[in-house]
$ cat query06.cif   # mmCIF, C-alpha atoms
data_upload
#
loop_
_atom_site.label_atom_id
_atom_site.label_comp_id
_atom_site.auth_asym_id
_atom_site.auth_seq_id
_atom_site.Cartn_x
_atom_site.Cartn_y
_atom_site.Cartn_z
CA MET A 235 89.90 -67.63 97.52
CA ALA A 236 92.05 -70.49 96.36
CA GLY A 237 94.11 -70.14 99.54
CA VAL A 238 90.98 -70.42 101.67
CA LEU A 239 89.74 -73.42 99.74
CA SER A 240 93.01 -75.29 99.95
CA GLY A 241 93.17 -74.40 103.63
CA VAL A 242 89.74 -75.89 104.14
CA TYR A 243 90.78 -78.91 102.14
CA ASN A 244 93.93 -79.45 104.12
CA THR A 245 92.43 -78.95 107.57
CA LEU A 246 89.02 -80.59 107.18
CA ILE A 247 88.80 -82.82 104.16
CA ARG A 248 92.14 -84.41 103.55
CA SER A 249 92.03 -86.88 106.41
CA ASN A 250 88.97 -89.11 106.28
CA GLY A 251 88.53 -89.24 110.02
CA VAL A 252 88.57 -85.47 110.36
CA PHE A 253 86.21 -85.12 107.40
CA LEU A 254 83.70 -87.52 108.95
CA SER A 255 83.90 -85.82 112.34
CA THR A 256 83.38 -82.46 110.66
CA ILE A 257 80.24 -83.73 108.99
CA PHE A 258 78.83 -85.12 112.25
CA ALA A 259 79.70 -82.06 114.30
CA GLY A 260 78.36 -79.82 111.54
CA ALA A 261 75.08 -81.70 111.42
CA PHE A 262 74.63 -81.35 115.18
CA ALA A 263 75.50 -77.68 115.18
CA THR A 264 73.24 -76.92 112.20
CA GLU A 265 70.30 -78.74 113.73
CA ILE A 266 70.67 -76.98 117.08
CA LEU A 267 71.01 -73.59 115.41
CA PHE A 268 68.11 -74.18 113.05
CA ASP A 269 65.78 -75.44 115.80
CA THR A 270 66.67 -72.64 118.18
CA GLY A 271 66.20 -70.07 115.45
CA SER A 272 62.88 -71.37 114.19
CA ASN A 273 61.50 -71.80 117.71
CA ALA A 274 62.51 -68.23 118.50
CA ILE A 275 60.59 -67.03 115.44
CA TRP A 276 57.58 -69.09 116.50
CA ASN A 277 57.68 -67.67 120.00
CA ARG A 278 57.90 -64.13 118.68
CA ILE A 279 54.93 -64.59 116.35
CA ASN A 280 52.87 -66.18 119.13
CA LYS A 281 53.88 -63.78 121.86
CA GLY A 282 51.20 -63.59 124.55
CA ARG A 283 49.27 -66.58 123.25
CA GLN A 284 51.28 -69.41 124.76
CA TRP A 285 50.94 -70.89 128.21
CA LYS A 286 54.41 -69.75 129.21
CA ASP A 287 53.35 -66.16 128.52
CA ILE A 288 50.32 -66.30 130.80
CA LYS A 289 51.24 -68.86 133.45
CA HIS A 290 52.74 -66.29 135.82
CA ARG A 291 49.19 -65.11 136.58
CA TYR A 292 48.15 -68.51 137.86
CA MET A 293 51.46 -69.56 139.40
CA ASP A 294 51.50 -66.49 141.65
CA ALA A 295 47.84 -66.87 142.53
CA GLY A 296 48.41 -70.52 143.49
CA GLU A 297 51.29 -69.61 145.81
CA ASP A 298 49.21 -66.91 147.49
CA ASP A 299 46.55 -69.45 148.42
CA GLU A 300 48.96 -71.73 150.26
CA MET B 1 49.08 -115.09 51.15
CA PHE B 2 51.71 -116.57 53.37
CA ALA B 3 53.95 -117.17 50.39
CA ARG B 4 53.72 -113.49 49.40
CA THR B 5 54.57 -112.33 52.90
CA SER B 6 57.58 -114.56 53.11
CA LEU B 7 58.70 -113.44 49.67
CA ARG B 8 58.51 -109.85 50.79
CA THR B 9 60.53 -110.57 53.91
CA ALA B 10 63.12 -112.34 51.84
CA ARG B 11 63.39 -109.32 49.57
CA ALA B 12 63.70 -106.99 52.49
CA PHE B 13 66.53 -109.10 53.82
CA ALA B 14 68.23 -109.06 50.45
CA ASN B 15 67.95 -105.32 50.55
CA ALA B 16 69.61 -105.04 53.89
CA LYS B 17 72.38 -107.32 52.73
CA THR B 18 73.20 -105.32 49.68
CA GLY B 19 73.45 -102.26 51.89
CA ALA B 20 70.96 -100.25 49.87
CA THR B 21 69.22 -98.94 52.92
CA ARG B 22 69.69 -95.35 51.89
CA THR B 23 67.81 -95.85 48.63
CA VAL B 24 65.05 -97.68 50.36
CA VAL B 25 64.43 -94.72 52.59
CA SER B 26 64.15 -92.37 49.66
CA GLN B 27 61.84 -94.74 47.81
CA GLN B 28 59.60 -95.09 50.80
CA ARG B 29 59.12 -91.37 50.90
CA ASN B 30 58.02 -91.46 47.28
CA ALA B 31 55.62 -94.27 48.00
CA SER B 32 53.87 -92.41 50.80
CA SER B 33 53.34 -89.28 48.74
CA GLN B 34 51.86 -91.42 45.98
CA SER B 35 49.37 -93.09 48.25
CA SER B 36 48.03 -89.78 49.63
CA ALA B 37 47.39 -88.59 46.13
CA GLU B 38 45.24 -91.68 45.58
CA SER B 39 43.09 -91.03 48.72
CA ALA B 40 39.38 -90.19 48.72
CA PRO B 41 38.10 -86.66 48.03
CA THR B 42 38.92 -84.39 51.01
CA TRP B 43 35.39 -83.13 51.72
CA LYS B 44 34.35 -86.66 52.62
CA ASN B 45 37.26 -86.85 55.03
CA THR B 46 36.30 -83.55 56.59
CA ALA B 47 32.69 -84.56 56.92
CA THR B 48 33.52 -87.90 58.56
CA LEU B 49 35.96 -86.28 60.98
CA SER B 50 33.56 -83.48 61.90
CA ALA B 51 30.70 -85.90 62.39
CA SER B 52 32.67 -88.20 64.66
CA THR B 53 34.02 -85.24 66.66
CA ILE B 54 30.51 -83.91 67.16
CA LEU B 55 29.34 -87.38 68.12
CA ALA B 56 32.13 -87.78 70.65
CA ILE B 57 31.62 -84.36 72.27
CA GLY B 58 27.86 -84.78 72.17
CA SER B 59 27.86 -88.15 73.87
CA CYS B 60 30.26 -86.90 76.55
CA THR B 61 28.02 -83.90 77.22
CA TRP B 62 24.95 -86.05 77.35
CA TYR B 63 26.61 -88.51 79.71
CA TYR B 64 27.83 -85.70 81.97
CA THR B 65 24.44 -83.99 82.21
CA GLN B 66 22.82 -87.35 82.81
CA PHE B 67 25.21 -88.89 85.35
CA GLY B 68 28.20 -86.63 85.94
CA ARG B 69 26.79 -83.85 88.09
CA THR B 70 26.72 -83.98 91.88
CA ALA B 71 23.57 -85.68 93.03
CA HIS B 72 21.77 -83.77 95.78
CA ALA B 73 19.79 -86.44 97.50
CA MET B 74 19.02 -84.23 100.49
CA THR B 75 16.82 -81.19 100.59
CA MET B 76 18.29 -77.88 101.73
CA GLN B 77 16.67 -78.41 105.10
CA GLU B 78 18.25 -81.81 105.52
CA GLU B 79 21.68 -80.42 104.64
CA GLY B 80 21.46 -77.67 107.23
CA LEU B 81 22.63 -74.11 106.82
CA HIS B 82 26.28 -73.75 105.86
CA ALA B 83 28.32 -72.47 108.77
CA THR B 84 29.70 -68.94 108.47
CA PRO B 85 33.49 -68.98 108.00
CA TYR B 86 35.06 -67.03 110.86
CA PRO B 87 38.67 -65.77 110.86
CA TRP B 88 39.94 -68.07 113.60
CA GLU B 89 43.30 -66.79 114.74
CA HIS B 90 44.53 -70.22 115.77
CA GLU B 91 43.86 -71.67 112.32
CA LYS B 92 46.52 -69.48 110.71
CA PHE B 93 49.64 -71.25 109.49
CA LEU B 94 51.96 -69.79 112.11
CA LYS B 95 49.66 -69.31 115.08
CA THR B 96 49.11 -71.45 118.13
CA TYR B 97 46.00 -71.52 120.29
CA ASP B 98 45.35 -68.57 122.55
CA HIS B 99 46.02 -70.46 125.75
CA ALA B 100 44.05 -68.02 127.88
CA ALA B 101 41.06 -68.85 125.66
CA LEU B 102 41.73 -72.56 126.14
CA ARG B 103 41.57 -72.04 129.88
CA ARG B 104 38.28 -70.16 129.59
CA GLY B 105 36.97 -72.76 127.15
CA PHE B 106 37.73 -75.59 129.55
CA GLN B 107 35.87 -73.68 132.23
CA VAL B 108 32.85 -73.46 129.91
CA TYR B 109 33.10 -77.17 129.14
CA ARG B 110 33.30 -78.06 132.81
CA GLU B 111 30.50 -75.80 133.95
CA VAL B 112 28.13 -76.25 131.01
CA CYS B 113 28.78 -79.08 128.57
CA ALA B 114 30.21 -81.63 131.03
CA SER B 115 26.78 -82.38 132.49
CA CYS B 116 25.82 -84.07 129.21
CA HIS B 117 28.92 -84.52 127.04
CA SER B 118 31.92 -86.71 127.84
CA LEU B 119 35.50 -85.81 126.93
CA LYS B 120 36.84 -89.32 127.12
CA ARG B 121 40.14 -88.93 125.35
CA ILE B 122 41.55 -86.15 127.50
CA PRO B 123 43.49 -87.05 130.65
CA TRP B 124 43.97 -84.44 133.38
CA ARG B 125 47.71 -84.42 132.84
CA THR B 126 47.38 -82.87 129.36
CA LEU B 127 45.84 -79.77 130.93
CA VAL B 128 49.03 -79.14 132.90
CA GLY B 129 51.25 -76.74 131.07
CA THR B 130 48.62 -75.87 128.48
CA MET B 131 45.91 -74.23 130.55
CA MET B 132 46.53 -75.09 134.20
CA THR B 133 49.24 -75.39 136.79
CA VAL B 134 50.01 -78.80 138.28
CA ASP B 135 48.29 -77.94 141.54
CA GLU B 136 45.12 -76.74 139.86
CA ALA B 137 44.86 -79.85 137.70
CA LYS B 138 45.57 -82.15 140.65
CA ALA B 139 42.89 -80.45 142.70
CA LEU B 140 40.36 -80.88 139.88
CA ALA B 141 41.27 -84.53 139.38
CA GLU B 142 40.91 -85.25 143.08
CA GLU B 143 37.33 -83.98 143.06
CA ASN B 144 36.41 -87.13 141.13
CA GLU B 145 36.35 -90.75 142.25
CA TYR B 146 37.85 -93.55 140.22
CA ASP B 147 37.87 -97.33 140.63
CA THR B 148 40.96 -98.84 142.15
CA GLU B 149 42.65 -102.04 141.04
CA PRO B 150 41.08 -105.04 142.78
CA ASN B 151 42.45 -105.37 146.33
CA ASN B 152 43.44 -108.62 148.13
CA GLU B 153 39.81 -109.74 148.42
CA GLY B 154 39.08 -108.85 144.82
CA GLU B 155 36.99 -105.86 145.77
CA ILE B 156 37.15 -102.72 143.68
CA GLU B 157 37.22 -99.62 145.83
CA LYS B 158 37.10 -95.92 145.12
CA ARG B 159 40.03 -93.56 145.17
CA PRO B 160 40.43 -89.86 144.36
CA GLY B 161 41.54 -89.07 140.81
CA LYS B 162 45.13 -88.61 139.75
CA LEU B 163 46.67 -86.59 136.95
CA SER B 164 46.99 -89.72 134.85
CA ASP B 165 43.22 -90.39 134.96
CA TYR B 166 40.97 -89.41 132.10
CA ILE B 167 38.28 -86.78 132.51
CA PRO B 168 35.22 -88.67 133.78
CA SER B 169 32.08 -89.00 131.68
CA PRO B 170 28.74 -87.70 132.94
CA TYR B 171 26.95 -91.00 132.25
CA LYS B 172 27.91 -94.59 132.94
CA ASN B 173 27.28 -95.65 129.34
CA ASP B 174 25.57 -94.58 126.14
CA GLU B 175 22.26 -96.12 127.16
CA ALA B 176 22.17 -94.10 130.37
CA ALA B 177 23.05 -90.99 128.36
CA ARG B 178 20.22 -91.63 125.93
CA ALA B 179 17.75 -92.32 128.70
CA ALA B 180 18.57 -89.01 130.34
CA ASN B 181 18.32 -87.03 127.09
CA ASN B 182 15.04 -88.07 125.54
CA GLY B 183 16.67 -90.84 123.55
CA ALA B 184 19.32 -88.62 121.96
CA LEU B 185 22.97 -89.41 122.66
CA PRO B 186 25.12 -86.38 123.45
CA PRO B 187 28.24 -87.31 121.46
CA ASP B 188 31.74 -87.34 122.97
CA LEU B 189 33.33 -83.97 122.35
CA SER B 190 37.03 -84.97 122.30
CA LEU B 191 37.26 -85.15 118.52
CA MET B 192 34.13 -83.18 117.67
CA VAL B 193 35.95 -80.43 115.77
CA LYS B 194 37.43 -83.02 113.45
CA ALA B 195 34.25 -85.07 113.28
CA ARG B 196 31.94 -82.43 111.85
CA HIS B 197 32.03 -80.85 108.43
CA GLY B 198 32.96 -77.20 108.98
CA GLY B 199 34.83 -77.90 112.25
CA CYS B 200 35.11 -74.83 114.46
CA ASN B 201 32.77 -72.78 112.30
CA TYR B 202 30.04 -75.40 112.52
CA ILE B 203 30.16 -75.81 116.29
CA PHE B 204 30.31 -72.06 116.85
CA SER B 205 27.35 -71.52 114.53
CA LEU B 206 25.47 -74.35 116.17
CA LEU B 207 25.96 -73.01 119.68
CA THR B 208 25.08 -69.44 118.79
CA GLY B 209 22.52 -70.19 116.07
CA TYR B 210 19.37 -70.94 118.06
CA PRO B 211 16.71 -68.41 117.07
CA GLU B 212 14.26 -67.09 119.65
CA GLU B 213 11.42 -68.70 117.74
CA PRO B 214 11.49 -71.23 114.93
CA PRO B 215 10.64 -69.43 111.66
CA ALA B 216 7.07 -69.57 110.46
CA GLY B 217 6.31 -72.81 108.71
CA ALA B 218 9.19 -74.79 110.22
CA VAL B 219 8.12 -78.12 111.63
CA VAL B 220 9.83 -78.92 114.94
CA GLN B 221 9.12 -82.29 116.49
CA SER B 222 8.32 -82.30 120.16
CA GLY B 223 11.46 -82.75 122.24
CA LEU B 224 13.59 -81.18 119.52
CA ASN B 225 14.80 -77.61 119.16
CA PHE B 226 15.07 -75.61 115.98
CA ASN B 227 18.62 -74.88 114.83
CA PRO B 228 19.17 -74.04 111.16
CA TYR B 229 22.81 -75.21 111.23
CA PHE B 230 22.00 -78.72 112.41
CA PRO B 231 21.33 -81.07 109.48
CA GLY B 232 17.57 -81.59 109.58
CA THR B 233 17.16 -78.45 111.73
CA GLY B 234 15.68 -80.36 114.69
CA ILE B 235 18.32 -80.93 117.38
CA ALA B 236 17.85 -82.67 120.72
CA MET B 237 20.26 -80.26 122.45
CA ALA B 238 18.54 -77.07 123.51
CA ARG B 239 20.33 -73.75 123.55
CA VAL B 240 22.85 -73.99 126.40
CA LEU B 241 24.85 -70.75 126.27
CA TYR B 242 23.31 -67.53 127.58
CA ASP B 243 25.06 -64.26 128.36
CA GLY B 244 26.68 -64.28 131.78
CA LEU B 245 26.36 -68.02 132.32
CA VAL B 246 29.90 -68.46 133.62
CA ASP B 247 32.16 -66.16 135.60
CA TYR B 248 35.51 -65.80 133.87
CA GLU B 249 38.32 -65.33 136.39
CA ASP B 250 40.27 -63.09 133.99
CA GLY B 251 37.39 -60.65 133.74
CA THR B 252 36.50 -61.38 130.10
CA PRO B 253 32.78 -60.55 129.61
CA ALA B 254 30.98 -63.89 129.32
CA THR B 255 28.76 -63.19 126.35
CA THR B 256 27.19 -66.06 124.43
CA SER B 257 29.55 -65.66 121.52
CA GLN B 258 32.61 -65.26 123.76
CA MET B 259 31.80 -68.51 125.54
CA ALA B 260 31.07 -70.28 122.29
CA LYS B 261 34.34 -69.05 120.82
CA ASP B 262 36.32 -70.15 123.86
CA VAL B 263 34.74 -73.58 124.10
CA VAL B 264 35.20 -74.16 120.38
CA GLU B 265 38.87 -73.24 120.60
CA PHE B 266 39.17 -75.59 123.57
CA LEU B 267 37.48 -78.38 121.61
CA ASN B 268 39.84 -77.73 118.73
CA TRP B 269 42.72 -78.20 121.15
CA SER B 270 41.22 -81.41 122.51
CA ALA B 271 40.85 -82.77 118.99
CA GLU B 272 44.29 -81.62 117.92
CA PRO B 273 46.65 -81.06 120.84
CA GLU B 274 49.61 -81.68 118.53
CA MET B 275 48.78 -78.69 116.32
CA ASP B 276 51.74 -76.56 117.45
CA ASP B 277 54.24 -79.30 116.71
CA ARG B 278 52.60 -79.97 113.39
CA LYS B 279 52.81 -76.33 112.33
CA LYS B 280 56.40 -75.92 113.51
CA MET B 281 57.44 -79.13 111.79
CA GLY B 282 55.66 -78.04 108.63
CA TRP B 283 57.58 -74.80 108.43
CA LYS B 284 60.87 -76.51 109.15
CA VAL B 285 60.20 -78.99 106.38
CA MET B 286 59.37 -76.15 104.01
CA ALA B 287 62.58 -74.30 104.91
CA ILE B 288 64.88 -77.29 104.54
CA GLY B 289 62.93 -78.51 101.53
CA SER B 290 63.46 -75.26 99.67
CA VAL B 291 67.20 -75.40 100.32
CA LEU B 292 67.32 -78.96 99.03
CA PHE B 293 65.21 -77.99 96.03
CA ALA B 294 67.56 -75.14 95.13
CA LEU B 295 70.47 -77.54 95.52
CA SER B 296 68.89 -80.12 93.24
CA VAL B 297 68.16 -77.48 90.59
CA TRP B 298 71.80 -76.45 90.72
CA ILE B 299 73.01 -80.06 90.45
CA LYS B 300 70.70 -80.72 87.53
CA ARG B 301 72.06 -77.71 85.65
CA TYR B 302 75.61 -78.72 86.53
CA LYS B 303 75.18 -82.26 85.24
CA TRP B 304 73.33 -81.17 82.13
CA SER B 305 75.74 -78.41 81.21
CA VAL B 306 77.72 -80.90 79.10
CA VAL B 307 74.63 -81.87 77.16
CA LYS B 308 73.29 -78.35 76.85
CA THR B 309 76.49 -76.80 75.53
CA ARG B 310 77.53 -79.43 73.02
CA LYS B 311 77.08 -78.86 69.35
CA LEU B 312 75.70 -81.47 66.98
CA GLN B 313 76.48 -81.44 63.35
CA TYR B 314 74.75 -83.63 60.81
CA ASN B 315 75.93 -83.96 57.23
CA PRO B 316 73.32 -85.84 55.22
CA PRO B 317 74.89 -88.31 52.79
CA ALA B 318 74.48 -87.43 49.12
CA LEU B 319 71.45 -89.18 47.57
CA THR B 320 73.00 -90.85 44.58
CA GLY B 321 70.98 -94.03 44.76
CA LEU B 322 70.55 -96.92 42.40
CA PRO B 323 68.27 -96.42 39.44
CA ASN B 324 64.64 -97.22 40.26
CA LYS B 325 64.22 -100.37 38.31
CA MET B 326 67.21 -101.96 39.97
CA ASN B 327 65.73 -101.31 43.38
CA PRO B 328 63.86 -104.47 44.40
CA ARG B 329 61.29 -102.60 46.53
CA GLN B 330 60.37 -100.31 43.71
CA ALA B 331 60.11 -103.17 41.25
CA ARG B 332 57.56 -104.90 43.49
CA ARG B 333 55.02 -102.08 43.27
#
$ encode --input "query06.cif" --output "structure tokens"
Amino acid sequence: MAGVLSGVYNTLIRSNGVFLSTIFAGAFATEILFDTGSNAIWNRINKGRQWKDIKHRYMDAGEDDE
Amino acid sequence: MFARTSLRTARAFANAKTGATRTVVSQQRNASSQSSAESAPTWKNTATLSASTILAIGSCTWYYTQFGRTAHAMTMQEEGLHATPYPWEHEKFLKTYDHAALRRGFQVYREVCASCHSLKRIPWRTLVGTMMTVDEAKALAEENEYDTEPNNEGEIEKRPGKLSDYIPSPYKNDEAARAANNGALPPDLSLMVKARHGGCNYIFSLLTGYPEEPPAGAVVQSGLNFNPYFPGTGIAMARVLYDGLVDYEDGTPATTSQMAKDVVEFLNWSAEPEMDDRKKMGWKVMAIGSVLFALSVWIKRYKWSVVKTRKLQYNPPALTGLPNKMNPRQARR
């Protein structure tokens, strides 16, 4: 445990520039992960109700007409 | 009077100077116990307290019954029947609209309501990707004519509609709408779900709530129709939805209640197209908020741990004060 912590400290925190970059990169990554995850949950709950679930019916029909 | 007060202050100062504070405290305690012994008989106290309590509660009660209750200025008939609460699926915290129902609802609006009601705040483009493909929406928009910008001679010409145009209104202005509807203005439906108490439930009840015959004894003015859900019960809009009025392309049976449900869901979308984003954002805020809350609880406990785990010890100083008569405060009494 202590080894891991000091490893983290030495690689990420000790130099200010690296620490700052870690924070920025971490914020981006967390946001992307969180948004993707929560949207996936939303899409699963609303399966079949959203336009993207039903549009194939009308897209195909439109192409047949032309 | 003033002289006495200043004397007293002077004595108090003298006290502080001699550092006899401790004795003063003990003497004060004596003084207070003495004064309570001198007070009036307790039953009088009790009686006064009880009487004033009763007076206070009584006057509050009287005031509340007199002025505090909700005033019902309208009769039951003027209020209208309360709309039945229906379990709308799209009103649940994590549910979006049923977009197939939106498509059907827009069809009902276009084929039925659009001859009287405008939908001014909805441009054609918003239908794309919610209930129509681009081509379908373009075709619908092009069926309508819109004014162009003034040309070189300042003339305004007509052009077919574009996706960026707003859905056209059935009447040129409110006056024309009134004139065509017996003096009653069919209101714009864009925000109707938000504009009426009861929202979806009210509009659904209104559309499906026309009885075959007004009940015995109900007075319906000529030109009005009886609808118990409409405040006042006399509404200028007649029943518009009848079984089989529209032909749904997806084969859903077009019963009165099915059409009413679809058009109400569509009107809910037109009043609140941002609902999905709102719900998603709400749940994200709740998720992140609970993490932050847990963090702040932890930090509070961390910071307070010093305070919570320390031990206080108090050793009262021994009360070996001056004799009473040498204490200036005591001597004054």
$ resolve_selection --input "query06.cif" --expression "the PyMOL selection byres ((chain A) within 6 of (chain B))" --output "list of chain:residue names"
A:Arg283, A:Gln284, A:Trp285
$ residues_around --input "query06.cif" --residues "Asp188 in chain B" --least-positions-apart "2" --cutoff "8 Å" --atoms "only C-alpha atoms" --output "ChimeraX atom specification"
/B:117-120,186,190-192
$ closest_residue --input "query06.cif" --among "B:Ile57, B:Ile156, B:Ile235, B:Leu127" --to "Glu78 in chain B" --atoms "all atoms listed in the file"
B:Ile235
$ closest_residue --input "query06.cif" --among "B:Glu272, B:Glu249, B:Leu81, B:Phe293" --to "Arg291 in chain A" --atoms "all atoms listed in the file"
B:Glu249
$ atom_distance --input "query06.cif" --atom1 "CA of Pro123 in chain B" --atom2 "CA of Ala179 in chain B"
26.3 Å
$ atom_distance --input "query06.cif" --atom1 "CA of Ala177 in chain B" --atom2 "CA of Arg121 in chain B"
17.5 Å
$ atom_distance --input "query06.cif" --atom1 "CA of Ile279 in chain A" --atom2 "CA of Ser290 in chain B"
21.6 Å
$ closest_residue --input "query06.cif" --among "A:Met293, A:Gly271, A:Lys281, A:Thr256" --to "Val242 in chain A" --atoms "all atoms listed in the file"
A:Thr256
$ closest_residue --input "query06.cif" --among "B:Ala141, B:Met286, B:Ile122, B:Ala238" --to "Ser272 in chain A" --atoms "only C-alpha atoms"
B:Met286
$ resolve_selection --input "query06.cif" --expression "the PyMOL selection byres ((chain B and resi 199) around 12)" --output "count of residues only"
30
$ closest_atom_pairs --input "query06.cif" --of "range 128-193 of chain B" --to "range 220-231 of chain B" --cutoff "10 Å" --atoms "only C-alpha atoms" --output "tab-separated table"
residue	atom	partner	partner_atom	distance
B:Asn181	CA	B:Gly223	CA	9.4
B:Asn182	CA	B:Gly223	CA	7.2
B:Gly183	CA	B:Gly223	CA	9.7
B:Ala184	CA	B:Leu224	CA	9.7
